[in-house]
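Structure file query-v4.pdb; described as PDB, C-alpha atoms.
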ATOM      1  CA  MET A 368     -45.077 120.512  63.999
ATOM      2  CA  SER A 369     -46.230 119.452  60.543
ATOM      3  CA  ASP A 370     -44.922 116.281  58.938
ATOM      4  CA  TYR A 371     -43.316 118.598  56.398
ATOM      5  CA  THR A 372     -40.417 120.717  57.601
ATOM      6  CA  VAL A 373     -38.066 123.218  56.032
ATOM      7  CA  ARG A 374     -34.503 123.928  57.101
ATOM      8  CA  ILE A 375     -33.463 127.479  56.321
ATOM      9  CA  HIS A 376     -29.859 128.587  55.955
ATOM     10  CA  ASP A 377     -29.514 132.357  55.702
ATOM     11  CA  GLY A 378     -25.975 133.523  56.294
ATOM     12  CA  ASP A 379     -24.918 132.133  59.651
ATOM     13  CA  THR A 380     -28.520 131.625  60.744
ATOM     14  CA  VAL A 381     -30.006 128.118  60.631
ATOM     15  CA  LYS A 382     -33.560 127.352  61.665
ATOM     16  CA  ASP A 383     -36.103 124.583  61.146
ATOM     17  CA  ILE A 384     -39.722 125.519  60.563
ATOM     18  CA  ALA A 385     -42.960 123.787  59.672
ATOM     19  CA  MET A 386     -43.595 124.003  55.948
ATOM     20  CA  PRO A 387     -46.195 126.706  55.200
ATOM     21  CA  ALA A 388     -49.583 125.497  53.962
ATOM     22  CA  ASP A 389     -49.152 126.854  50.421
ATOM     23  CA  GLU A 390     -45.798 125.083  50.106
ATOM     24  CA  ILE A 391     -47.323 121.836  51.360
ATOM     25  CA  GLU A 392     -50.037 122.102  48.734
ATOM     26  CA  GLN A 393     -47.433 122.662  46.018
ATOM     27  CA  TYR A 394     -45.178 119.897  47.343
ATOM     28  CA  GLU A 395     -48.008 117.367  47.351
ATOM     29  CA  ALA A 396     -49.109 118.387  43.858
ATOM     30  CA  ASP A 397     -45.525 117.956  42.605
ATOM     31  CA  ALA A 398     -45.232 114.558  44.282
ATOM     32  CA  LYS A 399     -48.570 113.390  42.858
ATOM     33  CA  ARG A 400     -47.579 114.413  39.340
ATOM     34  CA  ALA A 401     -44.119 112.808  39.681
ATOM     35  CA  ALA A 402     -45.712 109.557  40.863
ATOM     36  CA  ALA A 403     -48.093 109.584  37.900
ATOM     37  CA  ALA A 404     -45.192 110.207  35.512
ATOM     38  CA  ALA A 405     -43.206 107.359  37.060
ATOM     39  CA  LYS A 406     -46.213 105.057  36.773
ATOM     40  CA  ALA A 407     -46.660 105.982  33.113
ATOM     41  CA  ALA A 408     -42.969 105.396  32.437
ATOM     42  CA  ALA A 409     -43.148 101.989  34.116
ATOM     43  CA  ALA A 410     -46.204 101.058  32.039
ATOM     44  CA  LYS A 411     -44.393 102.107  28.881
ATOM     45  CA  GLU A 412     -41.391  99.975  29.848
ATOM     46  CA  ALA A 413     -43.654  97.012  30.577
ATOM     47  CA  ALA A 414     -45.320  97.466  27.181
ATOM     48  CA  LYS A 415     -41.929  97.372  25.481
ATOM     49  CA  LYS A 416     -41.002  94.133  27.245
ATOM     50  CA  SER A 417     -44.352  92.631  26.329
ATOM     51  CA  ALA A 418     -43.861  93.606  22.686
ATOM     52  CA  VAL A 419     -40.389  92.037  22.652
ATOM     53  CA  ALA A 420     -41.817  88.819  24.108
ATOM     54  CA  LYS A 421     -44.612  88.705  21.523
ATOM     55  CA  LEU A 422     -42.195  89.275  18.646
ATOM     56  CA  ALA A 423     -39.934  86.571  20.060
ATOM     57  CA  ALA A 424     -42.903  84.217  19.992
ATOM     58  CA  LEU A 425     -43.179  84.940  16.279
ATOM     59  CA  GLY A 426     -39.612  83.768  15.769
ATOM     60  CA  LEU A 427     -37.587  86.953  16.088
ATOM     61  CA  SER A 428     -34.534  86.951  18.333
ATOM     62  CA  GLU A 429     -34.544  89.339  21.285
ATOM     63  CA  ASP A 430     -31.964  91.536  19.560
ATOM     64  CA  GLU A 431     -34.043  91.599  16.374
ATOM     65  CA  ALA A 432     -37.178  92.439  18.335
ATOM     66  CA  LYS A 433     -35.423  95.249  20.208
ATOM     67  CA  ALA A 434     -33.955  96.609  16.989
ATOM     68  CA  LEU A 435     -37.394  96.590  15.404
ATOM     69  CA  LEU A 436     -38.944  98.389  18.361
ATOM     70  CA  GLY A 437     -36.040 100.757  18.846
ATOM     71  CA  VAL A 438     -35.576  99.847  22.489
TER      72      VAL A 438
ATOM     73  CA  MET B 943      24.045 137.261  52.561
ATOM     74  CA  GLY B 944      22.029 140.229  51.381
ATOM     75  CA  ALA B 945      21.831 143.632  52.965
ATOM     76  CA  ASN B 946      18.534 142.782  54.670
ATOM     77  CA  ALA B 947      19.671 139.445  56.074
ATOM     78  CA  GLN B 948      19.812 139.249  59.827
ATOM     79  CA  THR B 949      21.749 136.856  62.023
ATOM     80  CA  THR B 950      19.924 137.609  65.254
ATOM     81  CA  VAL B 951      16.700 139.088  66.489
ATOM     82  CA  PRO B 952      17.846 141.200  69.456
ATOM     83  CA  THR B 953      15.920 141.886  72.640
ATOM     84  CA  PHE B 954      16.689 145.094  74.542
ATOM     85  CA  SER B 955      16.594 145.363  78.304
ATOM     86  CA  THR B 956      16.206 148.492  80.413
ATOM     87  CA  GLY B 957      19.272 150.741  80.108
ATOM     88  CA  ALA B 958      20.749 148.938  77.104
ATOM     89  CA  VAL B 959      22.274 151.124  74.371
ATOM     90  CA  LEU B 960      20.485 150.998  71.027
ATOM     91  CA  THR B 961      23.080 151.721  68.341
ATOM     92  CA  ALA B 962      22.361 153.392  65.034
ATOM     93  CA  ALA B 963      23.249 150.146  63.262
ATOM     94  CA  GLN B 964      20.795 148.184  65.381
ATOM     95  CA  MET B 965      18.094 150.811  64.928
ATOM     96  CA  ASN B 966      18.610 150.869  61.189
ATOM     97  CA  GLN B 967      18.471 147.112  60.938
ATOM     98  CA  SER B 968      15.313 146.968  62.992
ATOM     99  CA  ALA B 969      13.466 149.895  61.444
ATOM    100  CA  ARG B 970      14.551 149.459  57.862
ATOM    101  CA  THR B 971      13.713 145.792  57.568
ATOM    102  CA  GLY B 972      10.094 146.301  58.552
ATOM    103  CA  VAL B 973       7.359 146.288  55.935
ATOM    104  CA  PRO B 974       6.866 149.806  54.558
ATOM    105  CA  VAL B 975       3.512 150.638  53.066
ATOM    106  CA  PHE B 976       3.268 152.515  49.750
ATOM    107  CA  ALA B 977       0.310 153.900  47.885
ATOM    108  CA  ASN B 978       1.406 152.350  44.597
ATOM    109  CA  THR B 979       4.412 151.026  42.703
ATOM    110  CA  THR B 980       5.540 154.530  41.656
ATOM    111  CA  ASP B 981       5.846 155.640  45.266
ATOM    112  CA  ARG B 982       7.532 152.340  46.118
ATOM    113  CA  ASP B 983      10.209 152.713  43.454
ATOM    114  CA  ALA B 984      10.891 156.323  44.425
ATOM    115  CA  ALA B 985      11.348 155.476  48.084
ATOM    116  CA  PHE B 986      14.624 153.599  47.753
ATOM    117  CA  GLY B 987      18.144 154.633  46.707
ATOM    118  CA  GLY B 988      17.807 158.408  47.100
ATOM    119  CA  SER B 989      19.718 160.663  49.463
ATOM    120  CA  GLY B 990      19.161 159.454  53.000
ATOM    121  CA  GLU B 991      17.203 156.481  51.707
ATOM    122  CA  LYS B 992      17.973 152.834  51.914
ATOM    123  CA  THR B 993      19.542 151.106  48.931
ATOM    124  CA  LEU B 994      17.075 148.510  47.649
ATOM    125  CA  ALA B 995      18.358 145.004  48.251
ATOM    126  CA  GLU B 996      17.205 141.420  48.053
ATOM    127  CA  GLY B 997      14.692 140.466  50.732
ATOM    128  CA  GLN B 998      13.009 143.860  51.006
ATOM    129  CA  LEU B 999       9.267 143.660  51.624
ATOM    130  CA  CYS B1000       6.571 146.181  50.985
ATOM    131  CA  TYR B1001       2.798 146.471  51.044
ATOM    132  CA  LEU B1002       0.933 148.174  48.179
ATOM    133  CA  GLU B1003      -2.328 149.876  48.996
ATOM    134  CA  SER B1004      -3.315 150.100  45.335
ATOM    135  CA  THR B1005      -3.562 146.333  44.921
ATOM    136  CA  ASP B1006      -3.640 145.115  48.534
ATOM    137  CA  VAL B1007      -0.680 142.799  48.121
ATOM    138  CA  VAL B1008       2.591 142.150  49.891
ATOM    139  CA  GLN B1009       5.652 142.106  47.648
ATOM    140  CA  TYR B1010       9.288 141.108  48.010
ATOM    141  CA  TYR B1011      12.340 142.283  46.063
ATOM    142  CA  ASN B1012      14.351 139.344  44.746
ATOM    143  CA  GLY B1013      17.438 141.369  43.787
ATOM    144  CA  SER B1014      16.225 142.379  40.355
ATOM    145  CA  THR B1015      12.441 142.769  40.488
ATOM    146  CA  TRP B1016       9.440 142.929  42.775
ATOM    147  CA  ALA B1017       7.326 139.790  43.123
ATOM    148  CA  THR B1018       3.974 139.352  44.837
ATOM    149  CA  VAL B1019       3.584 137.112  47.862
ATOM    150  CA  GLY B1020       0.629 134.741  47.627
ATOM    151  CA  PRO B1021      -2.217 135.062  45.142
ATOM    152  CA  THR B1022      -2.093 138.114  42.896
ATOM    153  CA  ASN B1023      -5.882 138.124  42.480
ATOM    154  CA  ALA B1024      -8.859 137.073  44.512
ATOM    155  CA  ALA B1025      -9.468 133.306  44.602
ATOM    156  CA  GLY B1026     -11.057 131.851  41.477
ATOM    157  CA  VAL B1027     -13.636 129.859  43.400
ATOM    158  CA  VAL B1028     -15.146 131.297  46.570
ATOM    159  CA  ARG B1029     -17.497 129.549  48.984
ATOM    160  CA  VAL B1030     -20.644 131.635  49.337
ATOM    161  CA  GLY B1031     -22.787 129.387  51.508
ATOM    162  CA  GLY B1032     -23.723 125.908  52.559
ATOM    163  CA  GLY B1033     -24.826 123.723  55.409
ATOM    164  CA  THR B1034     -26.709 120.543  56.137
ATOM    165  CA  LEU B1035     -29.786 119.101  54.484
ATOM    166  CA  SER B1036     -32.785 118.350  56.689
ATOM    167  CA  GLY B1037     -36.507 117.822  56.478
ATOM    168  CA  THR B1038     -38.696 117.938  53.413
ATOM    169  CA  ALA B1039     -36.942 120.976  52.025
ATOM    170  CA  THR B1040     -33.770 122.897  52.742
ATOM    171  CA  ASN B1041     -33.344 126.528  51.726
ATOM    172  CA  PHE B1042     -30.059 128.291  51.085
ATOM    173  CA  GLN B1043     -31.027 131.961  51.046
ATOM    174  CA  SER B1044     -28.930 134.997  50.053
ATOM    175  CA  VAL B1045     -26.237 132.939  48.315
ATOM    176  CA  PHE B1046     -26.519 134.367  44.773
ATOM    177  CA  SER B1047     -25.358 137.904  44.073
ATOM    178  CA  ALA B1048     -23.978 140.145  41.344
ATOM    179  CA  THR B1049     -20.442 139.150  42.369
ATOM    180  CA  TYR B1050     -20.647 135.850  40.462
ATOM    181  CA  ALA B1051     -22.475 134.559  37.422
ATOM    182  CA  THR B1052     -22.006 130.791  37.730
ATOM    183  CA  TYR B1053     -22.198 128.767  40.924
ATOM    184  CA  GLN B1054     -21.155 125.228  41.705
ATOM    185  CA  ILE B1055     -23.079 123.352  44.371
ATOM    186  CA  VAL B1056     -21.497 120.232  45.803
ATOM    187  CA  ILE B1057     -23.767 117.945  47.819
ATOM    188  CA  SER B1058     -22.314 114.842  49.431
ATOM    189  CA  GLY B1059     -23.254 112.189  51.944
ATOM    190  CA  ILE B1060     -26.946 112.415  51.144
ATOM    191  CA  THR B1061     -29.250 110.067  53.024
ATOM    192  CA  GLY B1062     -32.995 110.085  52.684
ATOM    193  CA  SER B1063     -35.835 108.093  51.228
ATOM    194  CA  ASP B1064     -35.803 106.357  47.853
ATOM    195  CA  ASP B1065     -36.877 109.427  45.964
ATOM    196  CA  ASN B1066     -35.867 112.239  43.661
ATOM    197  CA  ILE B1067     -34.019 115.338  44.768
ATOM    198  CA  ASN B1068     -35.783 118.341  43.298
ATOM    199  CA  VAL B1069     -34.676 121.958  43.113
ATOM    200  CA  LYS B1070     -36.396 125.332  43.194
ATOM    201  CA  LEU B1071     -35.043 128.862  42.951
ATOM    202  CA  LEU B1072     -35.696 131.253  45.812
ATOM    203  CA  SER B1073     -36.507 134.929  45.963
ATOM    204  CA  GLY B1074     -35.817 135.691  49.590
ATOM    205  CA  ALA B1075     -37.687 132.944  51.436
ATOM    206  CA  THR B1076     -40.225 132.425  48.633
ATOM    207  CA  ALA B1077     -39.884 129.280  46.540
ATOM    208  CA  ILE B1078     -40.466 129.915  42.837
ATOM    209  CA  VAL B1079     -42.928 127.481  41.208
ATOM    210  CA  THR B1080     -43.038 128.630  37.569
ATOM    211  CA  GLY B1081     -40.891 128.546  34.467
ATOM    212  CA  TYR B1082     -38.966 125.307  34.945
ATOM    213  CA  GLY B1083     -38.017 122.834  32.234
ATOM    214  CA  GLY B1084     -35.432 120.122  31.735
ATOM    215  CA  ALA B1085     -34.804 116.414  31.590
ATOM    216  CA  ARG B1086     -32.905 113.726  33.426
ATOM    217  CA  TYR B1087     -30.828 110.976  31.844
ATOM    218  CA  ASN B1088     -30.464 108.076  34.259
ATOM    219  CA  VAL B1089     -28.399 104.912  33.698
ATOM    220  CA  ASN B1090     -28.499 102.048  36.160
ATOM    221  CA  ASP B1091     -25.605  99.706  36.832
ATOM    222  CA  ALA B1092     -27.076  97.190  34.360
ATOM    223  CA  GLY B1093     -26.690  99.788  31.619
ATOM    224  CA  THR B1094     -30.374 100.519  31.154
ATOM    225  CA  ALA B1095     -31.020 104.176  30.442
ATOM    226  CA  THR B1096     -34.171 106.186  30.964
ATOM    227  CA  VAL B1097     -34.919 109.770  30.048
ATOM    228  CA  THR B1098     -37.509 111.651  32.078
ATOM    229  CA  ALA B1099     -38.836 115.160  31.637
ATOM    230  CA  SER B1100     -38.872 117.655  34.493
ATOM    231  CA  GLY B1101     -42.039 119.228  35.798
ATOM    232  CA  SER B1102     -42.677 122.935  35.160
ATOM    233  CA  THR B1103     -43.105 123.861  38.831
ATOM    234  CA  LEU B1104     -39.625 122.724  39.845
ATOM    235  CA  TRP B1105     -36.464 121.180  38.483
ATOM    236  CA  GLU B1106     -37.489 117.599  39.033
ATOM    237  CA  ARG B1107     -35.051 114.688  39.342
ATOM    238  CA  VAL B1108     -31.898 116.812  39.565
ATOM    239  CA  GLY B1109     -30.559 113.997  41.751
ATOM    240  CA  TYR B1110     -31.676 110.963  43.663
ATOM    241  CA  ALA B1111     -31.119 109.642  47.164
ATOM    242  CA  GLY B1112     -31.954 106.555  49.114
ATOM    243  CA  SER B1113     -31.527 105.209  52.606
ATOM    244  CA  ASN B1114     -27.917 104.190  51.955
ATOM    245  CA  GLN B1115     -25.757 107.170  52.753
ATOM    246  CA  GLY B1116     -23.378 108.452  50.140
ATOM    247  CA  ALA B1117     -25.450 109.750  47.258
ATOM    248  CA  ALA B1118     -23.827 112.812  45.734
ATOM    249  CA  VAL B1119     -24.824 115.567  43.345
ATOM    250  CA  ILE B1120     -22.741 118.285  41.729
ATOM    251  CA  ILE B1121     -24.778 121.136  40.303
ATOM    252  CA  TRP B1122     -23.909 124.189  38.252
ATOM    253  CA  VAL B1123     -26.322 127.137  38.174
ATOM    254  CA  SER B1124     -25.742 129.923  35.659
ATOM    255  CA  ASN B1125     -27.008 133.503  35.967
ATOM    256  CA  PRO B1126     -29.531 133.052  38.788
ATOM    257  CA  PHE B1127     -29.048 136.633  39.977
ATOM    258  CA  LEU B1128     -29.392 138.228  36.552
ATOM    259  CA  ALA B1129     -32.815 139.155  35.222
ATOM    260  CA  CYS B1130     -32.586 136.532  32.505
ATOM    261  CA  GLN B1131     -33.083 132.788  32.108
ATOM    262  CA  THR B1132     -31.347 130.622  34.694
ATOM    263  CA  MET B1133     -29.642 127.412  33.571
ATOM    264  CA  ILE B1134     -28.884 124.325  35.610
ATOM    265  CA  HIS B1135     -26.724 121.248  35.000
ATOM    266  CA  SER B1136     -26.090 118.408  37.394
ATOM    267  CA  TRP B1137     -24.247 115.121  37.645
ATOM    268  CA  PHE B1138     -25.418 112.666  40.252
ATOM    269  CA  ALA B1139     -24.692 109.182  41.541
ATOM    270  CA  TYR B1140     -26.492 107.022  44.070
ATOM    271  CA  ASP B1141     -26.797 103.411  45.177
ATOM    272  CA  ASN B1142     -27.127 101.677  41.818
ATOM    273  CA  ALA B1143     -27.431 104.340  39.154
ATOM    274  CA  GLN B1144     -26.037 107.625  37.927
ATOM    275  CA  GLY B1145     -26.791 110.299  35.396
ATOM    276  CA  TRP B1146     -27.251 113.949  34.641
ATOM    277  CA  PHE B1147     -29.912 116.617  34.581
ATOM    278  CA  ALA B1148     -30.009 119.783  32.500
ATOM    279  CA  GLY B1149     -32.647 122.441  32.369
ATOM    280  CA  ASN B1150     -33.605 126.073  32.523
ATOM    281  CA  ASN B1151     -35.995 128.483  34.126
ATOM    282  CA  THR B1152     -37.471 130.847  31.564
ATOM    283  CA  ASN B1153     -38.408 133.583  34.046
ATOM    284  CA  ALA B1154     -36.359 136.714  33.350
ATOM    285  CA  THR B1155     -36.099 137.371  37.069
ATOM    286  CA  SER B1156     -33.300 137.741  39.586
ATOM    287  CA  TYR B1157     -33.143 135.035  42.262
ATOM    288  CA  ASP B1158     -30.885 134.979  45.295
ATOM    289  CA  GLY B1159     -31.272 131.488  46.699
ATOM    290  CA  ILE B1160     -31.853 127.816  46.030
ATOM    291  CA  ARG B1161     -33.956 125.114  47.646
ATOM    292  CA  PHE B1162     -33.641 121.332  47.679
ATOM    293  CA  GLU B1163     -36.686 119.115  48.147
ATOM    294  CA  HIS B1164     -36.890 115.400  48.889
ATOM    295  CA  SER B1165     -39.247 113.112  50.817
ATOM    296  CA  THR B1166     -37.094 113.458  53.920
ATOM    297  CA  PHE B1167     -33.460 114.454  54.062
ATOM    298  CA  SER B1168     -31.747 112.601  56.916
ATOM    299  CA  ALA B1169     -28.242 113.814  56.119
ATOM    300  CA  GLY B1170     -26.240 115.605  53.490
ATOM    301  CA  THR B1171     -23.703 118.393  53.286
ATOM    302  CA  VAL B1172     -24.017 121.275  50.861
ATOM    303  CA  ASN B1173     -21.269 123.667  49.798
ATOM    304  CA  ILE B1174     -22.040 126.475  47.360
ATOM    305  CA  TYR B1175     -19.218 128.198  45.476
ATOM    306  CA  GLY B1176     -19.131 131.207  43.180
ATOM    307  CA  TYR B1177     -16.834 131.281  40.162
ATOM    308  CA  SER B1178     -14.826 134.504  40.078
ATOM    309  CA  LEU B1179     -15.489 136.669  37.032
ATOM    310  CA  SER B1180     -11.846 137.679  36.607
TER     311      SER B1180
END
Just dump the structure as C-alpha cells.
Amino acid sequence: MSDYTVRIHDGDTVKDIAMPADEIEQYEADAKRAAAAAKAAAAKEAAKKSAVAKLAALGLSEDEAKALLGV
Amino acid sequence: MGANAQTTVPTFSTGAVLTAAQMNQSARTGVPVFANTTDRDAAFGGSGEKTLAEGQLCYLESTDVVQYYNGSTWATVGPTNAAGVVRVGGGTLSGTATNFQSVFSATYATYQIVISGITGSDDNINVKLLSGATAIVTGYGGARYNVNDAGTATVTASGSTLWERVGYAGSNQGAAVIIWVSNPFLACQTMIHSWFAYDNAQGWFAGNNTNATSYDGIRFEHSTFSAGTVNIYGYSLS
C-alpha cells in the first residue's frame, strides 16, 4: 500500500484505500506550495525583526520601531 | 380523576367475563388514529361516541404527531416539527485524507461539521469538496487568521486548489475544528467558515469556492491523521 492512504465514509460503508496517483500528485503539489508559502512568511517575519533591531540601534524604542514598521 | 383515568390494568384469564364497562375502558382509552384535526374533532361527543375528556390521546396522519387533550385543547406530544439540527454523517479520521461522501443534499443548505480529538503531525488541516469520490481541485480561496498563545497573529492566504489551513493538528491529541459550509449542494458558490484550536494557538478560516457546481461530500487532508472524530449536521430549513 502507498504511503498515502484515504479513508472513505459513504453512508454506513467505511474503507481504506491507497491514494490514487493523480491525488498523490495533487497532494504533493499542494504540500510543496504550502511549504514555500510558510518559508516566505517566516522570512518576512525575520525581516521585520531585523528591521526592528536596526531601528533600535539607531535609538528608537522597540515600540517606536514597531509602530513605524506597522508590525 | 378524569374520565380516562384508570386505577388498574386488568388481565383476563380463560373463562373470565369481560363486562361492557371493562371493554369500554380498554377500547376507548387506546390511541385512535385520525386523518386530520377535522376528523378528530368530529369523532367525539356525538351519538354513540365517547365524550372527549382530559387524557385522551390521538394520532394525526396529516402531521404525523401524537396529541393529548388537556381538558380544554389538544396539545402535541414531543417536537411539533422535525429536529432543527440533524446528523447527516460522520466517522473517524485516518490516513492522508478522509472522505465523507453523500453527506450534502437538497434537504439542507448549511452544514456544521464538528471535529474533535484530532491527533496527527504538526501540520495544517486542509479541506476539499467532493463530487462523488472525486476531490475538487479548482475554485478555492480564503485566508486563515492564527493567533498563538503569546498573542502574535499571522494571516495566511489559502491556496486555490484546496481550502488550506482550515485547521491545524499536532501530535498532542485534542485539536478541534468547527466548520460551517453553506450551499455546497446548490449550483452556486460554496462558502466555508471555521474556528479551530490546537496545542498553542487558535484562530479562524473563511473562504469560498467560486465554482457554480453542486457537491455532495467533503474531504479532510493532513500529513497523517492518527485520530479524530467527525460529526456532520444539517441545519433544518424550517
| query | Rounded to one decimal in Å, what is the spacing between atom CA of Phe1046 of chain B and atom CA of Lys1070 of chain B? | reply |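 Between these atoms lies a distance of 13.5 Å.
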| request: Taking the file as shown, find all residues satisfying the PyMOL selection byres ((chain B) within 6 of (chain A)) and write them as a PyMOL selection string. | output: chain B and resi 1036-1043
For the residues in the current selection, export C-alpha atoms as a short mmCIF file (atom, residue, chain, number, x, y, z; two decimals), keeping the file's coordinate frame.
data_model
loop_
_atom_site.label_atom_id
_atom_site.label_comp_id
_atom_site.auth_asym_id
_atom_site.auth_seq_id
_atom_site.Cartn_x
_atom_site.Cartn_y
_atom_site.Cartn_z
CA SER B 1036 -32.78 118.35 56.69
CA GLY B 1037 -36.51 117.82 56.48
CA THR B 1038 -38.70 117.94 53.41
CA ALA B 1039 -36.94 120.98 52.02
CA THR B 1040 -33.77 122.90 52.74
CA ASN B 1041 -33.34 126.53 51.73
CA PHE B 1042 -30.06 128.29 51.08
CA GLN B 1043 -31.03 131.96 51.05
#
| request: Run the PyMOL selection byres ((chain A and resi 436) around 10) mentally over the shown coordinates, then write out the matched residues as a list in words, using the chain letters and numbers from the document. | output: Lys415, Ala418, Val419, Leu422, Asp430, Glu431, Ala432, Lys433, Ala434, Leu435, Gly437 and Val438 of chain A
With C-alpha atoms retained, export the selected residues as an mmCIF file, in the coordinates of the input.
data_model
loop_
_atom_site.group_PDB
_atom_site.id
_atom_site.type_symbol
_atom_site.label_atom_id
_atom_site.label_comp_id
_atom_site.auth_asym_id
_atom_site.auth_seq_id
_atom_site.Cartn_x
_atom_site.Cartn_y
_atom_site.Cartn_z
ATOM 1 C CA LYS A 415 -41.929 97.372 25.481
ATOM 2 C CA ALA A 418 -43.861 93.606 22.686
ATOM 3 C CA VAL A 419 -40.389 92.037 22.652
ATOM 4 C CA LEU A 422 -42.195 89.275 18.646
ATOM 5 C CA ASP A 430 -31.964 91.536 19.560
ATOM 6 C CA GLU A 431 -34.043 91.599 16.374
ATOM 7 C CA ALA A 432 -37.178 92.439 18.335
ATOM 8 C CA LYS A 433 -35.423 95.249 20.208
ATOM 9 C CA ALA A 434 -33.955 96.609 16.989
ATOM 10 C CA LEU A 435 -37.394 96.590 15.404
ATOM 11 C CA GLY A 437 -36.040 100.757 18.846
ATOM 12 C CA VAL A 438 -35.576 99.847 22.489
#
| request: Find, counting all atoms listed in the file, the residue in B:Gly1013, B:Val1028, B:Asn1150, B:Ser1168 that gets nearest to Thr1103 of chain B. | output: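 Distance minimum relative to Thr1103 of chain B lands on B:Asn1150.
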| said: Assuming the chain letters and numbering stay as they are in my file, what does the PyMOL selection byres ((chain B and resi 1121) around 9) actually select? List them as a list of chain:residue names. | reply: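 Applying the PyMOL selection byres ((chain B and resi 1121) around 9) to the structure shown produces B:Tyr1053, B:Gln1054, B:Ile1055, B:Val1056, B:Ile1057, B:Val1108, B:Val1119, B:Ile1120, B:Trp1122, B:Val1123, B:Ile1134, B:His1135, B:Ser1136, B:Trp1137, B:Phe1138, B:Phe1147.
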